[in-house]
file upload32.csv (CSV, C-alpha atoms)
chain,number,residue,atom,x,y,z
A,1,MET,CA,-53.5,7.1,-202.9
A,2,LYS,CA,-50.0,6.2,-201.8
A,3,GLU,CA,-51.3,4.8,-198.5
A,4,MET,CA,-53.9,2.8,-200.4
A,5,MET,CA,-51.2,1.3,-202.6
A,6,LEU,CA,-49.3,0.3,-199.4
A,7,HIS,CA,-52.5,-1.5,-198.2
A,8,HIS,CA,-52.9,-3.4,-201.5
A,9,LYS,CA,-49.1,-4.1,-201.6
A,10,GLY,CA,-49.4,-5.6,-198.2
A,11,SER,CA,-52.2,-7.9,-199.4
A,12,PHE,CA,-50.1,-9.0,-202.4
A,13,ILE,CA,-47.1,-9.7,-200.2
A,14,PHE,CA,-49.2,-11.7,-197.7
A,15,SER,CA,-50.7,-13.7,-200.6
A,16,ILE,CA,-47.3,-14.5,-202.2
A,17,VAL,CA,-45.9,-15.6,-198.8
A,18,THR,CA,-48.9,-17.7,-198.1
A,19,MET,CA,-48.8,-19.4,-201.5
A,20,ILE,CA,-45.1,-20.1,-201.1
A,21,LEU,CA,-45.9,-21.7,-197.7
A,22,GLY,CA,-48.7,-23.6,-199.4
A,23,PHE,CA,-46.3,-24.8,-202.1
A,24,GLY,CA,-43.9,-26.0,-199.4
A,25,TYR,CA,-46.7,-27.8,-197.6
A,26,GLY,CA,-47.7,-29.5,-200.9
A,27,MET,CA,-44.1,-30.6,-201.4
A,28,TYR,CA,-44.1,-32.0,-197.8
A,29,LEU,CA,-47.3,-33.9,-198.4
A,30,PHE,CA,-46.8,-35.2,-201.9
A,31,GLY,CA,-43.1,-34.6,-202.9
A,32,SER,CA,-44.3,-33.6,-206.3
A,33,VAL,CA,-44.0,-30.1,-207.9
A,34,ALA,CA,-47.2,-30.7,-209.9
A,35,GLN,CA,-49.2,-31.7,-206.9
A,36,ALA,CA,-47.7,-28.9,-204.8
A,37,MET,CA,-48.9,-26.4,-207.5
A,38,GLY,CA,-52.3,-28.1,-207.3
A,39,VAL,CA,-52.3,-27.1,-203.6
A,40,VAL,CA,-51.6,-23.5,-204.5
A,41,PHE,CA,-54.4,-23.6,-207.1
A,42,ILE,CA,-56.9,-24.8,-204.5
A,43,MET,CA,-55.8,-22.0,-202.2
A,44,LEU,CA,-56.4,-19.5,-205.0
A,45,VAL,CA,-59.9,-20.9,-205.6
A,46,LEU,CA,-60.7,-20.7,-201.9
A,47,SER,CA,-59.5,-17.1,-201.8
A,48,VAL,CA,-61.9,-16.2,-204.6
A,49,LEU,CA,-64.7,-18.0,-202.7
A,50,GLU,CA,-63.9,-15.9,-199.6
A,51,ILE,CA,-63.8,-12.6,-201.6
A,52,SER,CA,-67.0,-13.3,-203.5
A,53,LEU,CA,-68.9,-14.1,-200.2
A,54,SER,CA,-67.5,-11.0,-198.5
A,55,PHE,CA,-68.2,-8.0,-200.7
A,56,ASP,CA,-71.1,-7.0,-198.5
A,57,ASN,CA,-69.0,-7.6,-195.4
A,58,ALA,CA,-66.3,-5.1,-196.7
A,59,VAL,CA,-68.9,-2.4,-197.3
A,60,VAL,CA,-70.5,-2.7,-193.9
A,61,ASN,CA,-67.1,-2.9,-192.3
A,62,ALA,CA,-66.1,0.3,-194.0
A,63,LYS,CA,-69.3,2.1,-192.7
A,64,VAL,CA,-68.2,1.3,-189.1
A,65,LEU,CA,-64.4,1.7,-189.7
A,66,GLY,CA,-64.8,5.1,-191.3
A,67,THR,CA,-66.0,6.5,-187.9
A,68,MET,CA,-63.0,5.0,-186.0
A,69,ASP,CA,-59.6,6.6,-185.5
A,70,GLU,CA,-56.5,5.4,-187.3
A,71,LYS,CA,-55.3,3.4,-184.3
A,72,TRP,CA,-58.4,1.1,-184.4
A,73,GLN,CA,-58.3,0.9,-188.2
A,74,LYS,CA,-54.7,-0.4,-187.9
A,75,LEU,CA,-55.8,-2.9,-185.2
A,76,PHE,CA,-58.5,-4.1,-187.5
A,77,LEU,CA,-56.1,-4.7,-190.3
A,78,THR,CA,-53.4,-6.4,-188.0
A,79,VAL,CA,-54.8,-7.9,-184.8
A,80,GLY,CA,-58.2,-8.4,-186.5
A,81,MET,CA,-56.5,-10.3,-189.3
A,82,VAL,CA,-54.8,-12.7,-186.9
A,83,ILE,CA,-58.2,-13.3,-185.2
A,84,ALA,CA,-59.9,-13.8,-188.6
A,85,VAL,CA,-57.3,-16.3,-189.9
A,86,PHE,CA,-56.3,-18.3,-186.8
A,87,GLY,CA,-59.4,-17.7,-184.8
A,88,MET,CA,-62.2,-18.2,-187.3
A,89,ARG,CA,-60.4,-20.3,-190.0
A,90,ILE,CA,-58.5,-22.7,-187.7
A,91,VAL,CA,-59.4,-22.5,-184.0
A,92,PHE,CA,-63.2,-22.1,-184.4
A,93,PRO,CA,-63.7,-25.1,-186.7
A,94,ILE,CA,-61.6,-27.2,-184.3
A,95,LEU,CA,-63.6,-26.0,-181.4
A,96,ILE,CA,-66.9,-26.8,-183.2
A,97,VAL,CA,-65.6,-30.3,-184.0
A,98,SER,CA,-64.5,-30.8,-180.3
A,99,ILE,CA,-68.0,-29.9,-179.1
A,100,ALA,CA,-69.9,-31.8,-181.8
A,101,GLY,CA,-67.8,-34.9,-181.3
A,102,GLY,CA,-67.6,-34.7,-177.5
A,103,ILE,CA,-63.8,-34.9,-177.8
A,104,GLY,CA,-60.9,-32.7,-176.5
A,105,ILE,CA,-59.6,-29.8,-178.6
A,106,PHE,CA,-56.2,-31.4,-179.2
A,107,GLU,CA,-57.9,-34.6,-180.2
A,108,ALA,CA,-60.0,-32.6,-182.6
A,109,LEU,CA,-56.8,-31.0,-184.0
A,110,ASN,CA,-55.3,-34.4,-184.4
A,111,LEU,CA,-58.4,-35.5,-186.2
A,112,ALA,CA,-58.1,-32.6,-188.6
A,113,ILE,CA,-54.6,-33.7,-189.5
A,114,THR,CA,-54.9,-37.5,-189.5
A,115,ASP,CA,-58.6,-38.2,-190.4
A,116,GLN,CA,-59.9,-35.3,-192.5
A,117,ASN,CA,-63.0,-37.1,-193.6
A,118,LYS,CA,-64.1,-37.7,-190.0
A,119,TYR,CA,-63.2,-34.1,-189.2
A,120,SER,CA,-65.2,-32.7,-192.1
A,121,GLU,CA,-68.2,-35.0,-191.2
A,122,LEU,CA,-68.2,-33.7,-187.6
A,123,LEU,CA,-68.0,-30.1,-188.8
A,124,GLN,CA,-70.8,-30.5,-191.2
A,125,THR,CA,-73.1,-32.0,-188.4
A,126,SER,CA,-72.7,-28.6,-186.7
A,127,HIS,CA,-74.2,-26.8,-189.6
A,128,ILE,CA,-77.7,-26.4,-188.0
A,129,THR,CA,-76.2,-24.7,-185.0
A,130,ILE,CA,-73.9,-22.4,-187.1
A,131,ALA,CA,-76.8,-21.5,-189.4
A,132,GLY,CA,-79.0,-20.6,-186.4
A,133,PHE,CA,-76.5,-18.3,-184.8
A,134,GLY,CA,-75.1,-16.7,-187.9
A,135,GLY,CA,-78.5,-16.3,-189.6
A,136,ALA,CA,-80.1,-14.6,-186.5
A,137,PHE,CA,-77.1,-12.3,-185.9
A,138,LEU,CA,-77.0,-11.2,-189.6
A,139,ALA,CA,-80.8,-10.8,-189.8
A,140,LEU,CA,-80.7,-8.4,-186.9
A,141,VAL,CA,-77.8,-6.5,-188.4
A,142,ALA,CA,-79.7,-6.0,-191.7
A,143,LEU,CA,-83.2,-5.4,-190.1
A,144,ASP,CA,-81.8,-2.8,-187.7
A,145,TYR,CA,-80.5,-0.9,-190.7
A,146,PHE,CA,-83.8,-0.9,-192.6
A,147,PHE,CA,-86.0,-0.2,-189.5
A,148,ASP,CA,-83.9,2.8,-188.6
A,149,THR,CA,-86.4,5.7,-188.2
A,150,GLU,CA,-83.6,8.3,-188.8
A,151,LYS,CA,-82.6,6.8,-192.2
A,152,ASP,CA,-83.4,9.4,-194.8
A,153,VAL,CA,-81.7,8.1,-197.8
A,154,HIS,CA,-83.6,5.2,-199.5
A,155,TRP,CA,-82.6,3.2,-202.5
A,156,ILE,CA,-85.8,1.1,-203.1
A,157,GLY,CA,-88.1,3.7,-201.6
A,158,VAL,CA,-91.4,1.8,-201.6
A,159,ILE,CA,-89.8,-0.8,-199.4
A,160,GLU,CA,-87.4,1.2,-197.3
A,161,ARG,CA,-89.7,4.1,-196.4
A,162,THR,CA,-92.3,1.6,-195.1
A,163,LEU,CA,-89.7,-0.3,-193.1
A,164,SER,CA,-88.3,2.9,-191.6
A,165,ARG,CA,-91.8,3.9,-190.4
A,166,LEU,CA,-92.3,0.5,-188.9
A,167,GLY,CA,-89.1,1.0,-187.0
A,168,GLU,CA,-90.9,3.1,-184.5
A,169,ARG,CA,-92.2,-0.1,-183.0
A,170,LYS,CA,-89.5,-1.1,-180.5
A,171,SER,CA,-87.8,-4.5,-180.9
A,172,ILE,CA,-89.5,-5.2,-184.2
A,173,SER,CA,-86.3,-6.6,-185.6
A,174,ILE,CA,-86.0,-9.2,-182.8
A,175,VAL,CA,-89.7,-10.1,-183.1
A,176,ILE,CA,-89.4,-10.7,-186.9
A,177,THR,CA,-86.1,-12.7,-186.4
A,178,ILE,CA,-87.7,-15.0,-183.8
A,179,LEU,CA,-90.8,-15.5,-185.9
A,180,ALA,CA,-88.5,-16.5,-188.8
A,181,MET,CA,-86.7,-19.0,-186.5
A,182,VAL,CA,-90.0,-20.5,-185.3
A,183,PHE,CA,-91.1,-20.9,-188.9
A,184,MET,CA,-87.9,-22.7,-189.9
A,185,MET,CA,-88.2,-25.0,-186.8
A,186,SER,CA,-91.5,-26.3,-188.1
A,187,PHE,CA,-89.6,-28.0,-190.9
A,188,LEU,CA,-86.9,-29.6,-188.7
A,189,ASN,CA,-87.0,-32.7,-186.5
A,190,THR,CA,-87.2,-32.1,-182.7
A,191,THR,CA,-83.4,-32.4,-182.1
A,192,ASP,CA,-82.4,-30.1,-184.9
A,193,ALA,CA,-85.1,-27.6,-184.2
A,194,GLN,CA,-84.0,-27.3,-180.6
A,195,ALA,CA,-80.3,-26.9,-181.6
A,196,PHE,CA,-81.3,-24.3,-184.3
A,197,PHE,CA,-83.5,-22.3,-181.9
A,198,MET,CA,-81.0,-22.2,-179.1
A,199,ALA,CA,-78.2,-21.1,-181.5
A,200,GLY,CA,-80.5,-18.4,-182.9
A,201,ILE,CA,-81.2,-17.1,-179.4
A,202,TRP,CA,-77.5,-16.8,-178.7
A,203,GLY,CA,-77.1,-15.0,-182.0
A,204,ILE,CA,-79.8,-12.5,-180.9
A,205,VAL,CA,-78.2,-12.2,-177.4
A,206,THR,CA,-74.7,-11.6,-178.9
A,207,HIS,CA,-76.2,-8.8,-181.2
A,208,GLU,CA,-77.9,-7.1,-178.3
A,209,LEU,CA,-74.8,-7.4,-176.0
A,210,VAL,CA,-72.6,-5.8,-178.6
A,211,LYS,CA,-75.1,-3.0,-179.0
A,212,LEU,CA,-75.3,-2.6,-175.2
A,213,VAL,CA,-71.5,-2.3,-175.0
A,214,GLY,CA,-71.6,0.5,-177.6
A,215,ASP,CA,-74.5,2.3,-175.8
A,216,LEU,CA,-72.8,2.0,-172.3
A,217,MET,CA,-69.5,3.2,-173.6
A,218,GLU,CA,-71.1,6.2,-175.3
A,219,SER,CA,-73.2,7.0,-172.3
A,220,GLY,CA,-70.0,6.9,-170.2
A,221,LYS,CA,-68.6,9.6,-172.4
A,222,ASP,CA,-71.6,11.9,-172.9
A,223,GLY,CA,-73.4,11.3,-169.6
A,224,GLU,CA,-76.5,10.0,-171.3
A,225,GLU,CA,-77.5,7.0,-173.3
A,226,ASP,CA,-79.2,7.1,-176.7
A,227,THR,CA,-81.3,4.0,-176.8
A,228,ASP,CA,-82.6,4.7,-180.3
A,229,LEU,CA,-79.3,4.0,-181.9
A,230,ASN,CA,-79.1,0.9,-184.1
A,231,LEU,CA,-76.2,-1.5,-183.6
A,232,THR,CA,-74.1,0.0,-186.4
A,233,GLN,CA,-74.5,3.5,-185.1
A,234,ALA,CA,-73.9,2.6,-181.5
A,235,VAL,CA,-70.7,0.7,-182.0
A,236,ALA,CA,-69.4,3.2,-184.5
A,237,LYS,CA,-69.1,5.7,-181.7
A,238,ASN,CA,-66.6,3.8,-179.8
A,239,GLY,CA,-63.4,2.1,-181.0
A,240,LEU,CA,-63.4,-0.9,-178.8
A,241,ALA,CA,-67.1,-1.7,-179.3
A,242,GLY,CA,-66.7,-1.1,-183.1
A,243,PHE,CA,-63.7,-3.5,-183.1
A,244,LEU,CA,-65.7,-6.2,-181.3
A,245,TYR,CA,-68.6,-5.7,-183.6
A,246,LEU,CA,-66.5,-6.0,-186.7
A,247,GLU,CA,-64.9,-9.2,-185.5
A,248,ILE,CA,-68.3,-10.8,-184.6
A,249,LEU,CA,-69.7,-9.7,-188.0
A,250,ASP,CA,-66.6,-11.1,-189.7
A,251,ALA,CA,-67.2,-14.4,-187.8
A,252,SER,CA,-70.8,-14.5,-188.9
A,253,PHE,CA,-69.8,-14.1,-192.5
A,254,SER,CA,-67.0,-16.6,-192.3
A,255,PHE,CA,-69.2,-19.5,-191.2
A,256,ASP,CA,-70.4,-19.8,-194.8
A,257,GLY,CA,-66.9,-19.7,-196.3
A,258,VAL,CA,-65.5,-22.3,-193.8
A,259,LEU,CA,-68.3,-24.8,-194.5
A,260,GLY,CA,-68.2,-24.1,-198.2
A,261,ALA,CA,-64.5,-24.6,-198.3
A,262,LEU,CA,-64.9,-28.2,-197.2
A,263,VAL,CA,-66.4,-29.0,-200.6
A,264,ILE,CA,-63.2,-27.9,-202.2
A,265,SER,CA,-60.6,-29.3,-199.7
A,266,LYS,CA,-60.8,-31.1,-196.4
A,267,ASP,CA,-57.2,-30.1,-195.4
A,268,ILE,CA,-57.5,-27.6,-192.5
A,269,PHE,CA,-54.2,-25.9,-193.5
A,270,ILE,CA,-55.0,-25.5,-197.1
A,271,ILE,CA,-58.4,-24.1,-196.2
A,272,ALA,CA,-56.9,-21.7,-193.7
A,273,GLY,CA,-54.3,-20.5,-196.2
A,274,GLY,CA,-56.8,-20.0,-199.0
A,275,LEU,CA,-59.4,-18.2,-196.9
A,276,ALA,CA,-56.7,-16.1,-195.3
A,277,ILE,CA,-55.6,-14.7,-198.7
A,278,GLY,CA,-59.3,-13.8,-199.4
A,279,ALA,CA,-59.8,-12.3,-195.9
A,280,MET,CA,-56.7,-10.1,-196.3
A,281,PHE,CA,-58.0,-8.7,-199.6
A,282,VAL,CA,-61.4,-8.1,-198.0
A,283,ARG,CA,-59.7,-6.1,-195.3
A,284,SER,CA,-57.6,-4.2,-197.9
A,285,MET,CA,-60.9,-3.5,-199.8
A,286,THR,CA,-62.5,-2.2,-196.6
A,287,ILE,CA,-59.6,0.2,-195.9
A,288,HIS,CA,-59.8,1.4,-199.5
A,289,LEU,CA,-63.5,2.1,-199.2
A,290,VAL,CA,-62.8,4.2,-196.1
A,291,LYS,CA,-59.9,6.2,-197.4
A,292,ALA,CA,-61.5,6.8,-200.8
A,293,GLY,CA,-64.8,7.9,-199.2
A,294,THR,CA,-66.6,5.5,-201.5
A,295,LEU,CA,-69.7,5.2,-199.3
A,296,ASN,CA,-70.2,8.9,-199.4
A,297,GLU,CA,-69.6,9.1,-203.2
A,298,TYR,CA,-71.9,6.2,-204.0
A,299,LYS,CA,-74.8,6.7,-201.7
A,300,TYR,CA,-76.7,3.5,-202.4
A,301,LEU,CA,-73.7,1.2,-201.9
A,302,GLU,CA,-74.3,0.4,-198.3
A,303,HIS,CA,-78.0,-0.2,-199.1
A,304,GLY,CA,-77.0,-2.9,-201.5
A,305,ALA,CA,-74.7,-4.4,-198.8
A,306,PHE,CA,-77.5,-4.7,-196.3
A,307,TYR,CA,-79.8,-6.2,-198.8
A,308,ALA,CA,-77.1,-8.8,-199.4
A,309,ILE,CA,-76.6,-9.4,-195.7
A,310,LEU,CA,-80.4,-10.0,-195.3
A,311,THR,CA,-80.3,-12.4,-198.2
A,312,LEU,CA,-77.4,-14.2,-196.6
A,313,ALA,CA,-79.3,-14.5,-193.4
A,314,VAL,CA,-82.3,-16.0,-195.3
A,315,ILE,CA,-79.9,-18.4,-197.1
A,316,MET,CA,-78.3,-19.5,-193.8
A,317,PHE,CA,-81.8,-20.3,-192.4
A,318,ALA,CA,-82.8,-22.1,-195.6
A,319,SER,CA,-79.6,-24.1,-195.7
A,320,THR,CA,-80.9,-26.1,-192.7
A,321,LEU,CA,-83.3,-27.7,-195.2
A,322,ILE,CA,-81.5,-27.7,-198.5
A,323,HIS,CA,-78.0,-27.2,-199.8
A,324,ILE,CA,-77.5,-23.9,-201.5
A,325,PRO,CA,-74.2,-23.7,-203.4
A,326,GLU,CA,-71.8,-21.0,-202.3
A,327,VAL,CA,-71.6,-19.7,-205.9
A,328,ILE,CA,-75.3,-18.6,-205.6
A,329,THR,CA,-74.6,-16.8,-202.3
A,330,GLY,CA,-71.6,-15.0,-203.7
A,331,ALA,CA,-73.4,-14.1,-207.0
A,332,LEU,CA,-76.3,-12.6,-205.1
A,333,SER,CA,-74.0,-10.6,-202.9
A,334,ILE,CA,-72.2,-9.2,-206.0
A,335,ALA,CA,-75.5,-8.6,-207.8
A,336,PHE,CA,-76.9,-6.5,-205.0
A,337,ILE,CA,-73.8,-4.4,-204.5
A,338,GLY,CA,-73.3,-4.1,-208.3
A,339,ALA,CA,-76.9,-2.9,-208.8
A,340,ALA,CA,-76.5,-0.4,-205.9
A,341,TRP,CA,-73.2,0.9,-207.3
A,342,TYR,CA,-74.7,1.3,-210.8
A,343,HIS,CA,-77.8,3.2,-209.5
A,344,SER,CA,-75.5,5.4,-207.5
A,345,THR,CA,-73.5,6.3,-210.6
A,346,LYS,CA,-76.7,7.1,-212.5
A,347,VAL,CA,-77.9,9.4,-209.7
A,348,LYS,CA,-74.5,11.2,-209.7
A,349,GLU,CA,-74.7,11.7,-213.5
A,350,ASP,CA,-78.2,13.3,-213.1
call {"tool": "encode", "arguments": {"input": "upload32.csv", "output": "structure tokens"}}
result
Amino acid sequence: MKEMMLHHKGSFIFSIVTMILGFGYGMYLFGSVAQAMGVVFIMLVLSVLEISLSFDNAVVNAKVLGTMDEKWQKLFLTVGMVIAVFGMRIVFPILIVSIAGGIGIFEALNLAITDQNKYSELLQTSHITIAGFGGAFLALVALDYFFDTEKDVHWIGVIERTLSRLGERKSISIVITILAMVFMMSFLNTTDAQAFFMAGIWGIVTHELVKLVGDLMESGKDGEEDTDLNLTQAVAKNGLAGFLYLEILDASFSFDGVLGALVISKDIFIIAGGLAIGAMFVRSMTIHLVKAGTLNEYKYLEHGAFYAILTLAVIMFASTLIHIPEVITGALSIAFIGAAWYHSTKVKED
């Protein structure tokens, strides 16, 4: 309990420091206390957006992190946090704008500072590619869980038992994901369809590469390779593979938050600060779930998280055609996890 309080205390300290920096940045921009406080308020709104979109991320992270030793848990909370904030909330959007606009990275950074509307426009044009990659990766993460033949705890039995039996067909997750991608392509123009499909293929390749790393590292230890492991099981057996998996998973979840944040603010530093506060609390929440043994105590919680991940993958695919407000994505995530938690408590009482 004391250690958990330290994790939460660290999140609060980080948040306060970030908000102070945000206030200072607001004073630098506007020279007004009222407008500087407005910057802090926007950061708080962005942090709530990040947290609401990442409940399922925290649960899945906890599943993997719980099998890793304390060294890797600390790396996830420290080095992983740096990657999450500066890598995914600052560097990655700038890199995307650089590629989309055919300009240099430093030019893209200058654009983010001096012409935020143009920067936002270029970032939004990359949505098709981001949706393809993130949607495919997250779809495989969720489908691998439900098609796991060794999964013996089922929340919605009529669905999950059937999917578990179908998991005996090798590569069924990949086949379904590709079919979903081909279906979505039929609604897109030729250029967008090509970009979407190629990004989706890279999402699939990334998923399989991370799984391969986990399998190879495990076979290097035990002298044999278990090819029946799903991605979560494979990477959980090795600290480095698990760390890589968590960072890629976090990246896939953060796509939605970064793009959604542009609706609230176009300032890259305000966005980074607000999302960083949310990301820190999500990591703190993950550590709490691990230390408290919550996934063992509430046995359907991870089921709810994977249903939410599958829903997010569907939403990312669908967002290539229509805009789906982030509040809907966040609400569905919370609803799935809340329902799973409630059902878990009812089972405990019985």
call {"tool": "atom_distance", "arguments": {"input": "upload32.csv", "atom1": "CA of Phe23 in chain A", "atom2": "CA of Met280 in chain A"}}
result
18.9 Å
call {"tool": "atom_distance", "arguments": {"input": "upload32.csv", "atom1": "CA of Ile13 in chain A", "atom2": "CA of Ala335 in chain A"}}
result
29.4 Å
call {"tool": "closest_residue", "arguments": {"input": "upload32.csv", "among": "A:Ala279, A:Leu49, A:Ile113, A:Phe147", "to": "Pro325 in chain A", "atoms": "only C-alpha atoms"}}
result
A:Leu49
call {"tool": "atom_distance", "arguments": {"input": "upload32.csv", "atom1": "CA of Asp144 in chain A", "atom2": "CA of Leu163 in chain A"}}
result
9.9 Å
call {"tool": "closest_residue", "arguments": {"input": "upload32.csv", "among": "A:Ala340, A:Ile287, A:Ile16, A:Ala62", "to": "Val40 in chain A", "atoms": "only C-alpha atoms"}}
result
A:Ile16
call {"tool": "closest_residue", "arguments": {"input": "upload32.csv", "among": "A:Val17, A:Met185, A:Ala241, A:Val290", "to": "Val210 in chain A", "atoms": "all atoms listed in the file"}}
result
A:Ala241
call {"tool": "residues_around", "arguments": {"input": "upload32.csv", "residues": "Lys346 in chain A", "least_positions_apart": "6", "cutoff": "12 Å", "atoms": "all atoms listed in the file", "output": "ChimeraX atom specification"}}
result
/A:297-300,339-340
call {"tool": "write_last_selection", "arguments": {"input": "upload32.csv", "atoms": "C-alpha atoms", "output": "PDB file, keeping the file's coordinate frame"}}
result
ATOM      1  CA  GLU A 297     -69.600   9.100-203.200  1.00  0.00           C
ATOM      2  CA  TYR A 298     -71.900   6.200-204.000  1.00  0.00           C
ATOM      3  CA  LYS A 299     -74.800   6.700-201.700  1.00  0.00           C
ATOM      4  CA  TYR A 300     -76.700   3.500-202.400  1.00  0.00           C
ATOM      5  CA  ALA A 339     -76.900  -2.900-208.800  1.00  0.00           C
ATOM      6  CA  ALA A 340     -76.500  -0.400-205.900  1.00  0.00           C
TER       7      ALA A 340
END
call {"tool": "closest_residue", "arguments": {"input": "upload32.csv", "among": "A:Leu123, A:Gly87, A:Tyr145, A:Val45", "to": "Val327 in chain A", "atoms": "all atoms listed in the file"}}
result
A:Val45
call {"tool": "residues_around", "arguments": {"input": "upload32.csv", "residues": "Val182 in chain A", "least_positions_apart": "2", "cutoff": "12 Å", "atoms": "all atoms listed in the file", "output": "PyMOL selection string"}}
result
chain A and resi 132+136+175-180+184-188+193-194+196-198+200-201+317
call {"tool": "closest_residue", "arguments": {"input": "upload32.csv", "among": "A:Phe281, A:Asn57, A:Phe76, A:His303", "to": "Lys151 in chain A", "atoms": "all atoms listed in the file"}}
result
A:His303
call {"tool": "closest_residue", "arguments": {"input": "upload32.csv", "among": "A:Ile159, A:Ile83, A:Ile328, A:Val64", "to": "Glu247 in chain A", "atoms": "only C-alpha atoms"}}
result
A:Ile83
call {"tool": "residues_around", "arguments": {"input": "upload32.csv", "residues": "Ala108 in chain A", "least_positions_apart": "2", "cutoff": "6 Å", "atoms": "all atoms listed in the file", "output": "MDAnalysis selection string"}}
result
chainID A and resid 94 98 105:106 110:111
call {"tool": "residues_near_point", "arguments": {"input": "upload32.csv", "point": "(-81.9, -7.6, -190.4)", "cutoff": "12 Å", "atoms": "all atoms listed in the file", "output": "VMD selection string"}}
result
chain A and resid 134 to 148 163 167 171 to 178 180 204 207 230 to 232 305 to 314
call {"tool": "residues_around", "arguments": {"input": "upload32.csv", "residues": "range 265-277 of chain A", "least_positions_apart": "2", "cutoff": "6 Å", "atoms": "all atoms listed in the file", "output": "list in words"}}
result
Ser15, Met43, Leu46, Ser47, Glu50, Val85, Arg89, Gln116, Leu262, Val263, Ala279 and Met280 of chain A
